[in-house]
>>> print(open('protein.pdb').read())   # PDB, C-alpha atoms
ATOM      1  CA  MET A   1       0.000   0.000   0.000
ATOM      2  CA  VAL A   2       1.349   3.413  -1.021
ATOM      3  CA  ASP A   3       1.939   5.818   1.847
ATOM      4  CA  ILE A   4       0.531   9.137   0.613
ATOM      5  CA  PHE A   5       2.372  10.899   3.434
ATOM      6  CA  TYR A   6       5.781   9.533   2.426
ATOM      7  CA  PRO A   7       6.964  12.991   1.201
ATOM      8  CA  LEU A   8       6.236  14.413   4.659
ATOM      9  CA  GLN A   9       8.234  11.611   6.314
ATOM     10  CA  TRP A  10      11.083  12.299   3.886
ATOM     11  CA  ILE A  11      11.062  15.989   4.877
ATOM     12  CA  ALA A  12      10.953  15.078   8.587
ATOM     13  CA  ASP A  13      13.912  12.699   8.155
ATOM     14  CA  LYS A  14      15.859  15.264   6.138
ATOM     15  CA  LEU A  15      15.349  17.980   8.755
ATOM     16  CA  THR A  16      16.011  15.707  11.741
ATOM     17  CA  TYR A  17      19.078  13.820  10.590
ATOM     18  CA  GLU A  18      20.746  16.147   8.051
ATOM     19  CA  ILE A  19      19.701  19.755   8.682
ATOM     20  CA  PHE A  20      19.588  19.498  12.507
ATOM     21  CA  GLY A  21      22.332  16.855  12.581
ATOM     22  CA  ILE A  22      20.673  14.708  15.266
ATOM     23  CA  ALA A  23      22.032  11.185  15.434
ATOM     24  CA  PRO A  24      19.524   8.474  14.443
ATOM     25  CA  ASP A  25      18.397   5.851  16.978
ATOM     26  CA  THR A  26      18.435   8.349  19.846
ATOM     27  CA  ARG A  27      15.547   9.478  22.028
ATOM     28  CA  LEU A  28      15.982  13.076  20.865
ATOM     29  CA  ALA A  29      15.835  12.039  17.215
ATOM     30  CA  ALA A  30      12.664  10.031  17.820
ATOM     31  CA  SER A  31      10.995  12.999  19.540
ATOM     32  CA  VAL A  32      12.040  15.628  16.982
ATOM     33  CA  ASN A  33      11.117  13.426  14.005
ATOM     34  CA  PHE A  34       7.730  12.675  15.574
ATOM     35  CA  VAL A  35       6.969  16.376  16.121
ATOM     36  CA  ILE A  36       7.995  17.519  12.630
ATOM     37  CA  TYR A  37       6.122  14.736  10.840
ATOM     38  CA  ASP A  38       2.947  14.953  12.911
ATOM     39  CA  VAL A  39       2.680  18.740  12.733
ATOM     40  CA  MET A  40       2.955  18.696   8.935
ATOM     41  CA  LYS A  41       0.553  15.787   8.504
ATOM     42  CA  ILE A  42      -2.090  17.221  10.851
ATOM     43  CA  PHE A  43      -2.040  20.627   9.149
ATOM     44  CA  VAL A  44      -2.292  19.110   5.662
ATOM     45  CA  LEU A  45      -5.316  16.994   6.604
ATOM     46  CA  LEU A  46      -6.846  19.849   8.592
ATOM     47  CA  ALA A  47      -6.759  22.146   5.567
ATOM     48  CA  VAL A  48      -8.228  19.541   3.207
ATOM     49  CA  MET A  49     -10.922  18.273   5.589
ATOM     50  CA  ILE A  50     -12.053  21.715   6.745
ATOM     51  CA  PHE A  51     -12.238  22.995   3.161
ATOM     52  CA  VAL A  52     -14.374  20.069   1.966
ATOM     53  CA  VAL A  53     -16.761  20.082   4.942
ATOM     54  CA  SER A  54     -17.074  23.879   4.932
ATOM     55  CA  TYR A  55     -17.924  23.833   1.231
ATOM     56  CA  LEU A  56     -20.682  21.275   1.856
ATOM     57  CA  ARG A  57     -21.874  23.286   4.848
ATOM     58  CA  THR A  58     -22.854  26.200   2.592
ATOM     59  CA  TYR A  59     -25.877  24.113   1.580
ATOM     60  CA  ILE A  60     -27.046  23.705   5.205
ATOM     61  CA  THR A  61     -28.815  26.261   7.421
ATOM     62  CA  PRO A  62     -29.795  25.911  11.106
ATOM     63  CA  GLU A  63     -33.435  26.600  10.228
ATOM     64  CA  ARG A  64     -33.465  23.842   7.612
ATOM     65  CA  THR A  65     -31.994  21.462  10.177
ATOM     66  CA  ARG A  66     -34.810  22.321  12.587
ATOM     67  CA  GLN A  67     -37.382  21.826   9.835
ATOM     68  CA  VAL A  68     -36.021  18.394   8.924
ATOM     69  CA  LEU A  69     -35.993  17.203  12.545
ATOM     70  CA  GLY A  70     -39.040  19.054  13.886
ATOM     71  CA  SER A  71     -41.809  16.924  15.419
ATOM     72  CA  LYS A  72     -40.237  13.762  14.003
ATOM     73  CA  GLN A  73     -40.407  10.473  15.881
ATOM     74  CA  GLY A  74     -38.677   7.145  15.269
ATOM     75  CA  LEU A  75     -35.185   5.774  15.656
ATOM     76  CA  ARG A  76     -34.138   6.877  12.154
ATOM     77  CA  TYR A  77     -34.501  10.520  13.205
ATOM     78  CA  TYR A  78     -32.067   9.952  16.050
ATOM     79  CA  PHE A  79     -29.585   8.675  13.465
ATOM     80  CA  LEU A  80     -30.355  11.608  11.185
ATOM     81  CA  ALA A  81     -29.859  14.124  14.003
ATOM     82  CA  SER A  82     -26.590  12.480  15.002
ATOM     83  CA  LEU A  83     -25.328  12.430  11.414
ATOM     84  CA  ILE A  84     -26.226  16.101  10.949
ATOM     85  CA  GLY A  85     -24.285  16.799  14.143
ATOM     86  CA  THR A  86     -21.117  15.384  12.573
ATOM     87  CA  ILE A  87     -21.024  18.061   9.859
ATOM     88  CA  THR A  88     -22.060  21.054  11.937
ATOM     89  CA  PRO A  89     -19.440  23.016  13.869
ATOM     90  CA  PHE A  90     -21.452  23.787  16.988
ATOM     91  CA  CYS A  91     -19.328  23.844  20.122
ATOM     92  CA  SER A  92     -20.303  24.180  23.768
ATOM     93  CA  CYS A  93     -20.771  27.937  23.410
ATOM     94  CA  SER A  94     -23.469  27.258  20.794
ATOM     95  CA  SER A  95     -25.318  24.657  22.857
ATOM     96  CA  VAL A  96     -27.848  26.967  24.519
ATOM     97  CA  PRO A  97     -29.127  28.821  21.419
ATOM     98  CA  ILE A  98     -29.199  25.602  19.384
ATOM     99  CA  PHE A  99     -31.062  23.794  22.165
ATOM    100  CA  ILE A 100     -33.628  26.585  22.488
ATOM    101  CA  GLY A 101     -34.058  26.767  18.722
ATOM    102  CA  PHE A 102     -34.682  23.040  18.421
ATOM    103  CA  VAL A 103     -37.161  22.944  21.318
ATOM    104  CA  GLU A 104     -39.001  25.995  19.936
ATOM    105  CA  ALA A 105     -39.217  24.282  16.525
ATOM    106  CA  GLY A 106     -40.819  21.201  18.088
ATOM    107  CA  VAL A 107     -37.835  18.874  17.780
ATOM    108  CA  PRO A 108     -38.275  16.054  20.357
ATOM    109  CA  LEU A 109     -35.961  16.279  23.358
ATOM    110  CA  GLY A 110     -34.222  12.971  22.636
ATOM    111  CA  VAL A 111     -33.571  13.907  19.001
ATOM    112  CA  THR A 112     -32.200  17.264  20.148
ATOM    113  CA  PHE A 113     -29.765  15.531  22.495
ATOM    114  CA  ALA A 114     -28.678  13.116  19.746
ATOM    115  CA  PHE A 115     -27.616  16.199  17.795
ATOM    116  CA  LEU A 116     -26.013  17.970  20.766
ATOM    117  CA  ILE A 117     -23.986  14.918  21.796
ATOM    118  CA  THR A 118     -22.505  14.266  18.370
ATOM    119  CA  SER A 119     -21.908  17.860  17.280
ATOM    120  CA  PRO A 120     -18.958  18.657  19.589
ATOM    121  CA  LEU A 121     -17.769  15.040  19.636
ATOM    122  CA  VAL A 122     -17.267  14.573  15.882
ATOM    123  CA  ASN A 123     -16.048  17.496  13.803
ATOM    124  CA  GLU A 124     -13.838  17.900  10.764
ATOM    125  CA  ALA A 125     -10.870  19.201  12.757
ATOM    126  CA  ALA A 126     -10.879  16.244  15.166
ATOM    127  CA  VAL A 127     -11.399  13.766  12.306
ATOM    128  CA  ALA A 128      -8.487  15.230  10.344
ATOM    129  CA  ALA A 129      -6.179  15.152  13.366
ATOM    130  CA  LEU A 130      -7.200  11.591  14.245
ATOM    131  CA  TRP A 131      -6.649  10.430  10.690
ATOM    132  CA  ALA A 132      -3.225  12.062  10.663
ATOM    133  CA  THR A 133      -2.125  10.583  13.982
ATOM    134  CA  LEU A 134      -3.962   7.294  14.581
ATOM    135  CA  GLY A 135      -4.800   6.263  11.031
ATOM    136  CA  LEU A 136      -7.968   5.654   9.055
ATOM    137  CA  GLN A 137      -9.176   2.612  11.048
ATOM    138  CA  ALA A 138      -9.136   4.398  14.411
ATOM    139  CA  THR A 139     -10.748   7.462  12.816
ATOM    140  CA  VAL A 140     -13.616   5.425  11.373
ATOM    141  CA  ILE A 141     -14.084   3.760  14.760
ATOM    142  CA  TYR A 142     -14.153   7.156  16.461
ATOM    143  CA  VAL A 143     -16.725   8.602  14.035
ATOM    144  CA  ILE A 144     -18.993   5.538  14.182
ATOM    145  CA  SER A 145     -18.728   5.481  17.967
ATOM    146  CA  GLY A 146     -19.555   9.187  18.163
ATOM    147  CA  VAL A 147     -22.658   8.772  16.007
ATOM    148  CA  LEU A 148     -23.818   5.724  17.954
ATOM    149  CA  LEU A 149     -23.231   7.502  21.279
ATOM    150  CA  GLY A 150     -25.416  10.353  20.053
ATOM    151  CA  VAL A 151     -28.141   7.939  18.978
ATOM    152  CA  LEU A 152     -28.001   5.891  22.185
ATOM    153  CA  GLY A 153     -27.835   8.900  24.512
ATOM    154  CA  GLY A 154     -30.608  10.727  22.698
ATOM    155  CA  TYR A 155     -32.810   7.635  22.499
ATOM    156  CA  LEU A 156     -32.486   6.900  26.226
ATOM    157  CA  ILE A 157     -33.257  10.511  27.139
ATOM    158  CA  GLY A 158     -36.282  10.434  24.829
ATOM    159  CA  LEU A 159     -37.396   7.110  26.290
ATOM    160  CA  LEU A 160     -37.273   8.462  29.844
ATOM    161  CA  LYS A 161     -39.603  11.407  28.993
ATOM    162  CA  LEU A 162     -37.478  14.011  30.726
ATOM    163  CA  GLU A 163     -39.118  17.138  29.306
ATOM    164  CA  ARG A 164     -40.097  18.199  32.841
ATOM    165  CA  TYR A 165     -36.420  18.768  33.602
ATOM    166  CA  VAL A 166     -36.054  21.455  30.946
ATOM    167  CA  GLU A 167     -36.290  24.948  32.426
ATOM    168  CA  ASP A 168     -39.798  26.374  31.943
ATOM    169  CA  PHE A 169     -38.659  29.558  30.212
ATOM    170  CA  VAL A 170     -37.249  27.526  27.283
ATOM    171  CA  TYR A 171     -40.730  26.482  26.149
ATOM    172  CA  LYS A 172     -41.911  30.097  26.263
ATOM    173  CA  MET A 173     -39.107  31.549  24.174
ATOM    174  CA  LYS A 174     -39.273  32.362  20.487
ATOM    175  CA  VAL A 175     -35.940  32.487  18.719
ATOM    176  CA  GLY A 176     -37.276  33.976  15.516
ATOM    177  CA  LYS A 177     -37.272  32.612  12.022
ATOM    178  CA  GLN A 178     -34.314  32.507   9.719
ATOM    179  CA  SER A 179     -34.512  32.350   5.981
ATOM    180  CA  THR A 180     -35.075  28.839   4.710
ATOM    181  CA  GLU A 181     -34.177  29.669   1.140
ATOM    182  CA  ASP A 182     -30.997  28.316  -0.385
ATOM    183  CA  GLN A 183     -28.134  30.720  -0.320
ATOM    184  CA  LYS A 184     -27.657  31.643  -3.960
ATOM    185  CA  LEU A 185     -23.912  31.283  -3.950
ATOM    186  CA  THR A 186     -21.686  30.569  -6.896
ATOM    187  CA  MET A 187     -19.087  27.800  -6.743
ATOM    188  CA  ARG A 188     -16.419  30.457  -6.352
ATOM    189  CA  GLU A 189     -18.247  32.075  -3.422
ATOM    190  CA  ARG A 190     -18.662  28.700  -1.730
ATOM    191  CA  ALA A 191     -14.953  27.984  -2.263
ATOM    192  CA  GLU A 192     -14.059  31.391  -0.821
ATOM    193  CA  TYR A 193     -16.214  30.655   2.239
ATOM    194  CA  ALA A 194     -14.502  27.270   2.651
ATOM    195  CA  PHE A 195     -11.057  28.865   2.337
ATOM    196  CA  GLU A 196     -11.950  31.456   4.968
ATOM    197  CA  SER A 197     -13.107  28.611   7.261
ATOM    198  CA  VAL A 198      -9.737  26.924   6.822
ATOM    199  CA  LYS A 199      -7.930  30.127   7.824
ATOM    200  CA  ASP A 200     -10.286  30.714  10.756
ATOM    201  CA  ILE A 201     -10.205  27.207  12.265
ATOM    202  CA  VAL A 202      -6.506  26.568  11.664
ATOM    203  CA  GLY A 203      -5.803  30.033  13.056
ATOM    204  CA  ARG A 204      -7.623  29.104  16.259
ATOM    205  CA  VAL A 205      -6.148  25.612  16.780
ATOM    206  CA  TRP A 206      -2.587  25.766  15.438
ATOM    207  CA  LEU A 207      -1.055  26.523  18.811
ATOM    208  CA  TYR A 208      -2.967  23.671  20.487
ATOM    209  CA  VAL A 209      -1.772  21.307  17.761
ATOM    210  CA  ILE A 210       1.861  22.271  18.214
ATOM    211  CA  ILE A 211       1.662  22.059  22.021
ATOM    212  CA  GLY A 212      -0.082  18.683  21.845
ATOM    213  CA  VAL A 213       2.385  17.286  19.308
ATOM    214  CA  ALA A 214       5.325  18.590  21.354
ATOM    215  CA  ILE A 215       4.039  16.847  24.494
ATOM    216  CA  GLY A 216       3.343  13.729  22.443
ATOM    217  CA  GLY A 217       6.871  13.917  21.073
ATOM    218  CA  ILE A 218       8.309  13.898  24.582
ATOM    219  CA  PHE A 219       6.261  10.803  25.438
ATOM    220  CA  HIS A 220       7.230   9.221  22.122
ATOM    221  CA  GLY A 221      10.945   9.635  22.654
ATOM    222  CA  TYR A 222      11.426   9.464  26.392
ATOM    223  CA  ALA A 223       8.601   7.498  28.062
ATOM    224  CA  PRO A 224       9.760   4.006  29.067
ATOM    225  CA  GLU A 225       8.452   1.279  26.792
ATOM    226  CA  GLY A 226       5.536  -0.683  28.201
ATOM    227  CA  ILE A 227       4.929   1.489  31.268
ATOM    228  CA  LEU A 228       1.350   2.305  30.273
ATOM    229  CA  GLU A 229       0.681  -1.230  29.169
ATOM    230  CA  LYS A 230       1.737  -2.318  32.655
ATOM    231  CA  TYR A 231      -0.536   0.088  34.567
ATOM    232  CA  ALA A 232      -3.355   0.811  32.104
ATOM    233  CA  GLY A 233      -3.310  -2.200  29.811
ATOM    234  CA  GLU A 234      -6.074  -4.663  29.027
ATOM    235  CA  ASP A 235      -5.230  -6.681  32.159
ATOM    236  CA  ASN A 236      -6.315  -3.756  34.338
ATOM    237  CA  LEU A 237     -10.109  -4.073  34.345
ATOM    238  CA  LEU A 238     -10.542  -0.566  35.753
ATOM    239  CA  ALA A 239      -8.318   1.178  33.184
ATOM    240  CA  VAL A 240     -11.216   2.334  30.969
ATOM    241  CA  PRO A 241     -13.469   3.809  33.687
ATOM    242  CA  ILE A 242     -10.452   5.461  35.320
ATOM    243  CA  ALA A 243      -9.489   7.055  31.990
ATOM    244  CA  VAL A 244     -13.064   8.261  31.453
ATOM    245  CA  LEU A 245     -13.445   9.634  34.975
ATOM    246  CA  ILE A 246     -10.200  11.552  34.501
ATOM    247  CA  GLY A 247     -11.425  12.902  31.177
ATOM    248  CA  VAL A 248     -14.936  14.015  32.216
ATOM    249  CA  PRO A 249     -13.887  16.988  34.385
ATOM    250  CA  LEU A 250     -10.868  17.754  32.208
ATOM    251  CA  TYR A 251     -11.171  20.811  29.983
ATOM    252  CA  SER A 252      -8.731  20.750  27.103
ATOM    253  CA  ASN A 253      -8.797  21.473  23.404
ATOM    254  CA  VAL A 254      -9.312  18.162  21.615
ATOM    255  CA  MET A 255      -6.697  19.161  19.039
ATOM    256  CA  ALA A 256      -4.053  19.218  21.750
ATOM    257  CA  MET A 257      -5.198  15.887  23.196
ATOM    258  CA  ILE A 258      -5.131  13.830  19.977
ATOM    259  CA  PRO A 259      -1.323  13.834  19.455
ATOM    260  CA  ILE A 260      -0.828  13.038  23.141
ATOM    261  CA  VAL A 261      -3.247  10.121  22.862
ATOM    262  CA  GLU A 262      -1.403   8.919  19.746
ATOM    263  CA  SER A 263       1.877   8.861  21.608
ATOM    264  CA  LEU A 264       0.342   7.102  24.615
ATOM    265  CA  ILE A 265      -1.059   4.394  22.323
ATOM    266  CA  GLY A 266       2.410   3.988  20.858
ATOM    267  CA  LYS A 267       3.714   3.379  24.370
ATOM    268  CA  GLY A 268       1.197   0.654  25.137
ATOM    269  CA  LEU A 269      -2.126   2.300  26.044
ATOM    270  CA  PRO A 270      -4.933   0.192  24.495
ATOM    271  CA  VAL A 271      -6.799   1.958  21.665
ATOM    272  CA  GLY A 272     -10.197   1.533  23.344
ATOM    273  CA  THR A 273      -8.946   3.110  26.569
ATOM    274  CA  ALA A 274      -7.361   5.971  24.653
ATOM    275  CA  LEU A 275     -10.466   6.687  22.550
ATOM    276  CA  ALA A 276     -12.680   6.500  25.647
ATOM    277  CA  PHE A 277     -10.471   9.095  27.327
ATOM    278  CA  LEU A 278     -10.605  11.319  24.239
ATOM    279  CA  MET A 279     -14.401  11.016  23.990
ATOM    280  CA  SER A 280     -14.899  11.862  27.651
ATOM    281  CA  VAL A 281     -12.854  15.042  27.279
ATOM    282  CA  THR A 282     -14.845  16.050  24.174
ATOM    283  CA  ALA A 283     -18.408  14.868  24.791
ATOM    284  CA  VAL A 284     -18.942  15.776  28.440
ATOM    285  CA  SER A 285     -16.627  18.705  29.048
ATOM    286  CA  LEU A 286     -17.276  20.663  32.236
ATOM    287  CA  PRO A 287     -17.748  24.026  30.441
ATOM    288  CA  GLU A 288     -20.492  22.568  28.226
ATOM    289  CA  MET A 289     -22.308  21.174  31.265
ATOM    290  CA  ILE A 290     -22.155  24.574  32.970
ATOM    291  CA  ILE A 291     -23.600  26.249  29.881
ATOM    292  CA  LEU A 292     -26.335  23.638  29.443
ATOM    293  CA  ARG A 293     -27.296  24.101  33.105
ATOM    294  CA  LYS A 294     -28.752  27.459  32.034
ATOM    295  CA  VAL A 295     -31.548  25.679  30.154
ATOM    296  CA  LEU A 296     -31.664  22.275  31.881
ATOM    297  CA  LYS A 297     -32.438  21.398  35.474
ATOM    298  CA  LYS A 298     -29.642  19.718  37.382
ATOM    299  CA  GLU A 299     -31.425  16.351  37.287
ATOM    300  CA  LEU A 300     -31.320  16.229  33.485
ATOM    301  CA  VAL A 301     -27.709  17.399  33.388
ATOM    302  CA  ALA A 302     -26.812  14.585  35.806
ATOM    303  CA  ILE A 303     -28.741  12.001  33.767
ATOM    304  CA  PHE A 304     -27.135  13.249  30.549
ATOM    305  CA  VAL A 305     -23.599  13.016  31.987
ATOM    306  CA  SER A 306     -24.309   9.551  33.467
ATOM    307  CA  ILE A 307     -25.670   8.105  30.222
ATOM    308  CA  ILE A 308     -22.788   9.424  28.120
ATOM    309  CA  THR A 309     -20.136   8.408  30.650
ATOM    310  CA  LEU A 310     -21.441   4.829  30.872
ATOM    311  CA  SER A 311     -21.769   4.638  27.084
ATOM    312  CA  ILE A 312     -18.180   5.782  26.590
ATOM    313  CA  ILE A 313     -16.914   3.242  29.142
ATOM    314  CA  PHE A 314     -18.789   0.475  27.305
ATOM    315  CA  THR A 315     -17.320   1.680  23.986
ATOM    316  CA  GLY A 316     -13.809   1.627  25.433
ATOM    317  CA  TYR A 317     -14.172  -1.963  26.640
ATOM    318  CA  LEU A 318     -15.730  -3.024  23.332
ATOM    319  CA  PHE A 319     -12.902  -1.696  21.190
ATOM    320  CA  ASN A 320     -10.266  -3.028  23.534
ATOM    321  CA  MET A 321     -11.730  -6.453  22.799
ATOM    322  CA  LEU A 322     -12.067  -5.873  19.041
ATOM    323  CA  LEU A 323      -8.692  -4.261  18.340
TER     324      LEU A 323
END
>>> encode(input="protein.pdb", output="structure tokens")
Amino acid sequence: MVDIFYPLQWIADKLTYEIFGIAPDTRLAASVNFVIYDVMKIFVLLAVMIFVVSYLRTYITPERTRQVLGSKQGLRYYFLASLIGTITPFCSCSSVPIFIGFVEAGVPLGVTFAFLITSPLVNEAAVAALWATLGLQATVIYVISGVLLGVLGGYLIGLLKLERYVEDFVYKMKVGKQSTEDQKLTMRERAEYAFESVKDIVGRVWLYVIIGVAIGGIFHGYAPEGILEKYAGEDNLLAVPIAVLIGVPLYSNVMAMIPIVESLIGKGLPVGTALAFLMSVTAVSLPEMIILRKVLKKELVAIFVSIITLSIIFTGYLFNMLL
């Protein structure tokens, strides 16, 4: 199989061993080579992935999303909501207005949560970084797991009929109507929008990427072989829940965490444990819970966190068995 990133590895080798003059087969060489290669590969995939998804996003409006999902029942709508969440860039700061807009449009509570769970969990930046660091197989697993977590979490919340735990003022609000007409954009205008998205997102995450890759490089070159496998390997039955419980209250940019997770996997951390940790940081971050508390009563926030946490733990165990 042809390695499409071979030119980047060639550049990393050239810089590490010839330009910088670092001796091969040393810990420093391993760390420096890792950092140079990963930074280049992540930025290349980030630019391509963000451009493609942003171009497609010009055909989608929040109002159209609400229309498609409004007053719809059935498991397929949970899947649809979760899938839509994978191509929309809503972060925790967008959770409250999106939640209010969906409720006001008549979208069932469970379907709304299927969207809200997947939207911050699976996005083009995280997918690109995962693909660059962990490979296509792990990326596909992550995306499928994210969609299924959204479906499962949303379905359980819908099944429990928890509407009474939404703050009363939410049902009384009107967020206004946005235009549902297609934006009459030319291909060039859509491409310009996508290019601006690339500059905007890369401009906001580049520092996190470099910091994360640098930390990952230190682990890659200097962490003792097998230390994580010894303490957090498959033989430790509590490794997955411990990783998730550490990740739930942790607030970190996912772009910084992915290279660190890659390096930890390389040192022996099972893939399922690593992905469970990454999901817990992304899907149930403390800032998002604080923001959602503005529109949800504490009981529903607690139920939401519990369902997602248990689902992520199950996913971690499952993929540790499969991979």
>>> residues_near_point(input="protein.pdb", point="(16.3, 6.9, 10.3)", cutoff="10 Å", atoms="all atoms listed in the file", output="PyMOL selection string")
chain A and resi 10+12-14+16-17+23-26+29-30+33
>>> write_last_selection(input="protein.pdb", atoms="C-alpha atoms", output="PDB file, keeping the file's coordinate frame")
ATOM      1  CA  TRP A  10      11.083  12.299   3.886  1.00  0.00           C
ATOM      2  CA  ALA A  12      10.953  15.078   8.587  1.00  0.00           C
ATOM      3  CA  ASP A  13      13.912  12.699   8.155  1.00  0.00           C
ATOM      4  CA  LYS A  14      15.859  15.264   6.138  1.00  0.00           C
ATOM      5  CA  THR A  16      16.011  15.707  11.741  1.00  0.00           C
ATOM      6  CA  TYR A  17      19.078  13.820  10.590  1.00  0.00           C
ATOM      7  CA  ALA A  23      22.032  11.185  15.434  1.00  0.00           C
ATOM      8  CA  PRO A  24      19.524   8.474  14.443  1.00  0.00           C
ATOM      9  CA  ASP A  25      18.397   5.851  16.978  1.00  0.00           C
ATOM     10  CA  THR A  26      18.435   8.349  19.846  1.00  0.00           C
ATOM     11  CA  ALA A  29      15.835  12.039  17.215  1.00  0.00           C
ATOM     12  CA  ALA A  30      12.664  10.031  17.820  1.00  0.00           C
ATOM     13  CA  ASN A  33      11.117  13.426  14.005  1.00  0.00           C
TER      14      ASN A  33
END
>>> closest_residue(input="protein.pdb", among="A:Tyr142, A:Phe195, A:Trp206, A:Tyr78", to="Leu159 in chain A", atoms="all atoms listed in the file")
A:Tyr78
>>> residues_around(input="protein.pdb", residues="Val170 in chain A", least_positions_apart="4", cutoff="9 Å", atoms="only C-alpha atoms", output="list in words")
Phe99, Ile100, Val103, Glu104, Val166, Lys174, Val295 and Leu296 of chain A
>>> closest_residue(input="protein.pdb", among="A:Leu292, A:Val205, A:Ile307, A:Met279", to="Ser145 in chain A", atoms="only C-alpha atoms")
A:Met279
>>> closest_residue(input="protein.pdb", among="A:Thr133, A:Val39, A:Ile258, A:Leu109", to="Leu160 in chain A", atoms="all atoms listed in the file")
A:Leu109
>>> atom_distance(input="protein.pdb", atom1="CA of Val35 in chain A", atom2="CA of Tyr208 in chain A")
13.1 Å
>>> resolve_selection(input="protein.pdb", expression="the PyMOL selection byres ((chain A and resi 48) around 12)", output="tab-separated table (two decimals) with C-alpha atoms, in the coordinates of the input")
chain	number	residue	atom	x	y	z
A	41	LYS	CA	0.55	15.79	8.50
A	42	ILE	CA	-2.09	17.22	10.85
A	43	PHE	CA	-2.04	20.63	9.15
A	44	VAL	CA	-2.29	19.11	5.66
A	45	LEU	CA	-5.32	16.99	6.60
A	46	LEU	CA	-6.85	19.85	8.59
A	47	ALA	CA	-6.76	22.15	5.57
A	49	MET	CA	-10.92	18.27	5.59
A	50	ILE	CA	-12.05	21.72	6.74
A	51	PHE	CA	-12.24	23.00	3.16
A	52	VAL	CA	-14.37	20.07	1.97
A	53	VAL	CA	-16.76	20.08	4.94
A	54	SER	CA	-17.07	23.88	4.93
A	55	TYR	CA	-17.92	23.83	1.23
A	124	GLU	CA	-13.84	17.90	10.76
A	125	ALA	CA	-10.87	19.20	12.76
A	127	VAL	CA	-11.40	13.77	12.31
A	128	ALA	CA	-8.49	15.23	10.34
A	129	ALA	CA	-6.18	15.15	13.37
A	131	TRP	CA	-6.65	10.43	10.69
A	132	ALA	CA	-3.22	12.06	10.66
A	194	ALA	CA	-14.50	27.27	2.65
A	195	PHE	CA	-11.06	28.86	2.34
A	197	SER	CA	-13.11	28.61	7.26
A	198	VAL	CA	-9.74	26.92	6.82
A	199	LYS	CA	-7.93	30.13	7.82
A	202	VAL	CA	-6.51	26.57	11.66
>>> residues_around(input="protein.pdb", residues="Gly146 in chain A", least_positions_apart="6", cutoff="7 Å", atoms="only C-alpha atoms", output="CSV table (one decimal) with C-alpha atoms, in the coordinates of the input")
chain,number,residue,atom,x,y,z
A,118,THR,CA,-22.5,14.3,18.4
A,121,LEU,CA,-17.8,15.0,19.6
A,122,VAL,CA,-17.3,14.6,15.9
>>> resolve_selection(input="protein.pdb", expression="the PyMOL selection byres ((chain A and resi 297-300) around 8)", output="PyMOL selection string")
chain A and resi 162+165-167+293-296+301-304
>>> atom_distance(input="protein.pdb", atom1="CA of Arg76 in chain A", atom2="CA of Tyr155 in chain A")
10.5 Å
>>> closest_residue(input="protein.pdb", among="A:Phe20, A:Phe5, A:Phe34, A:Phe319", to="Glu262 in chain A", atoms="only C-alpha atoms")
A:Phe34
>>> residues_around(input="protein.pdb", residues="Gly154 in chain A", least_positions_apart="5", cutoff="8 Å", atoms="all atoms listed in the file", output="JSON list (two decimals) with C-alpha atoms, in the coordinates of the input")
[["chain", "number", "residue", "atom", "x", "y", "z"],
["A", 78, "TYR", "CA", -32.07, 9.95, 16.05],
["A", 109, "LEU", "CA", -35.96, 16.28, 23.36],
["A", 110, "GLY", "CA", -34.22, 12.97, 22.64],
["A", 111, "VAL", "CA", -33.57, 13.91, 19.00],
["A", 112, "THR", "CA", -32.20, 17.26, 20.15],
["A", 113, "PHE", "CA", -29.76, 15.53, 22.50],
["A", 114, "ALA", "CA", -28.68, 13.12, 19.75],
["A", 115, "PHE", "CA", -27.62, 16.20, 17.80],
["A", 117, "ILE", "CA", -23.99, 14.92, 21.80]]
>>> closest_residue(input="protein.pdb", among="A:Ala138, A:Ile246, A:Val147, A:Leu15", to="Pro270 in chain A", atoms="all atoms listed in the file")
A:Ala138
>>> residues_around(input="protein.pdb", residues="Gly221 in chain A", least_positions_apart="3", cutoff="7 Å", atoms="only C-alpha atoms", output="number ranges by chain")
A: 27-28, 30-31, 217-218
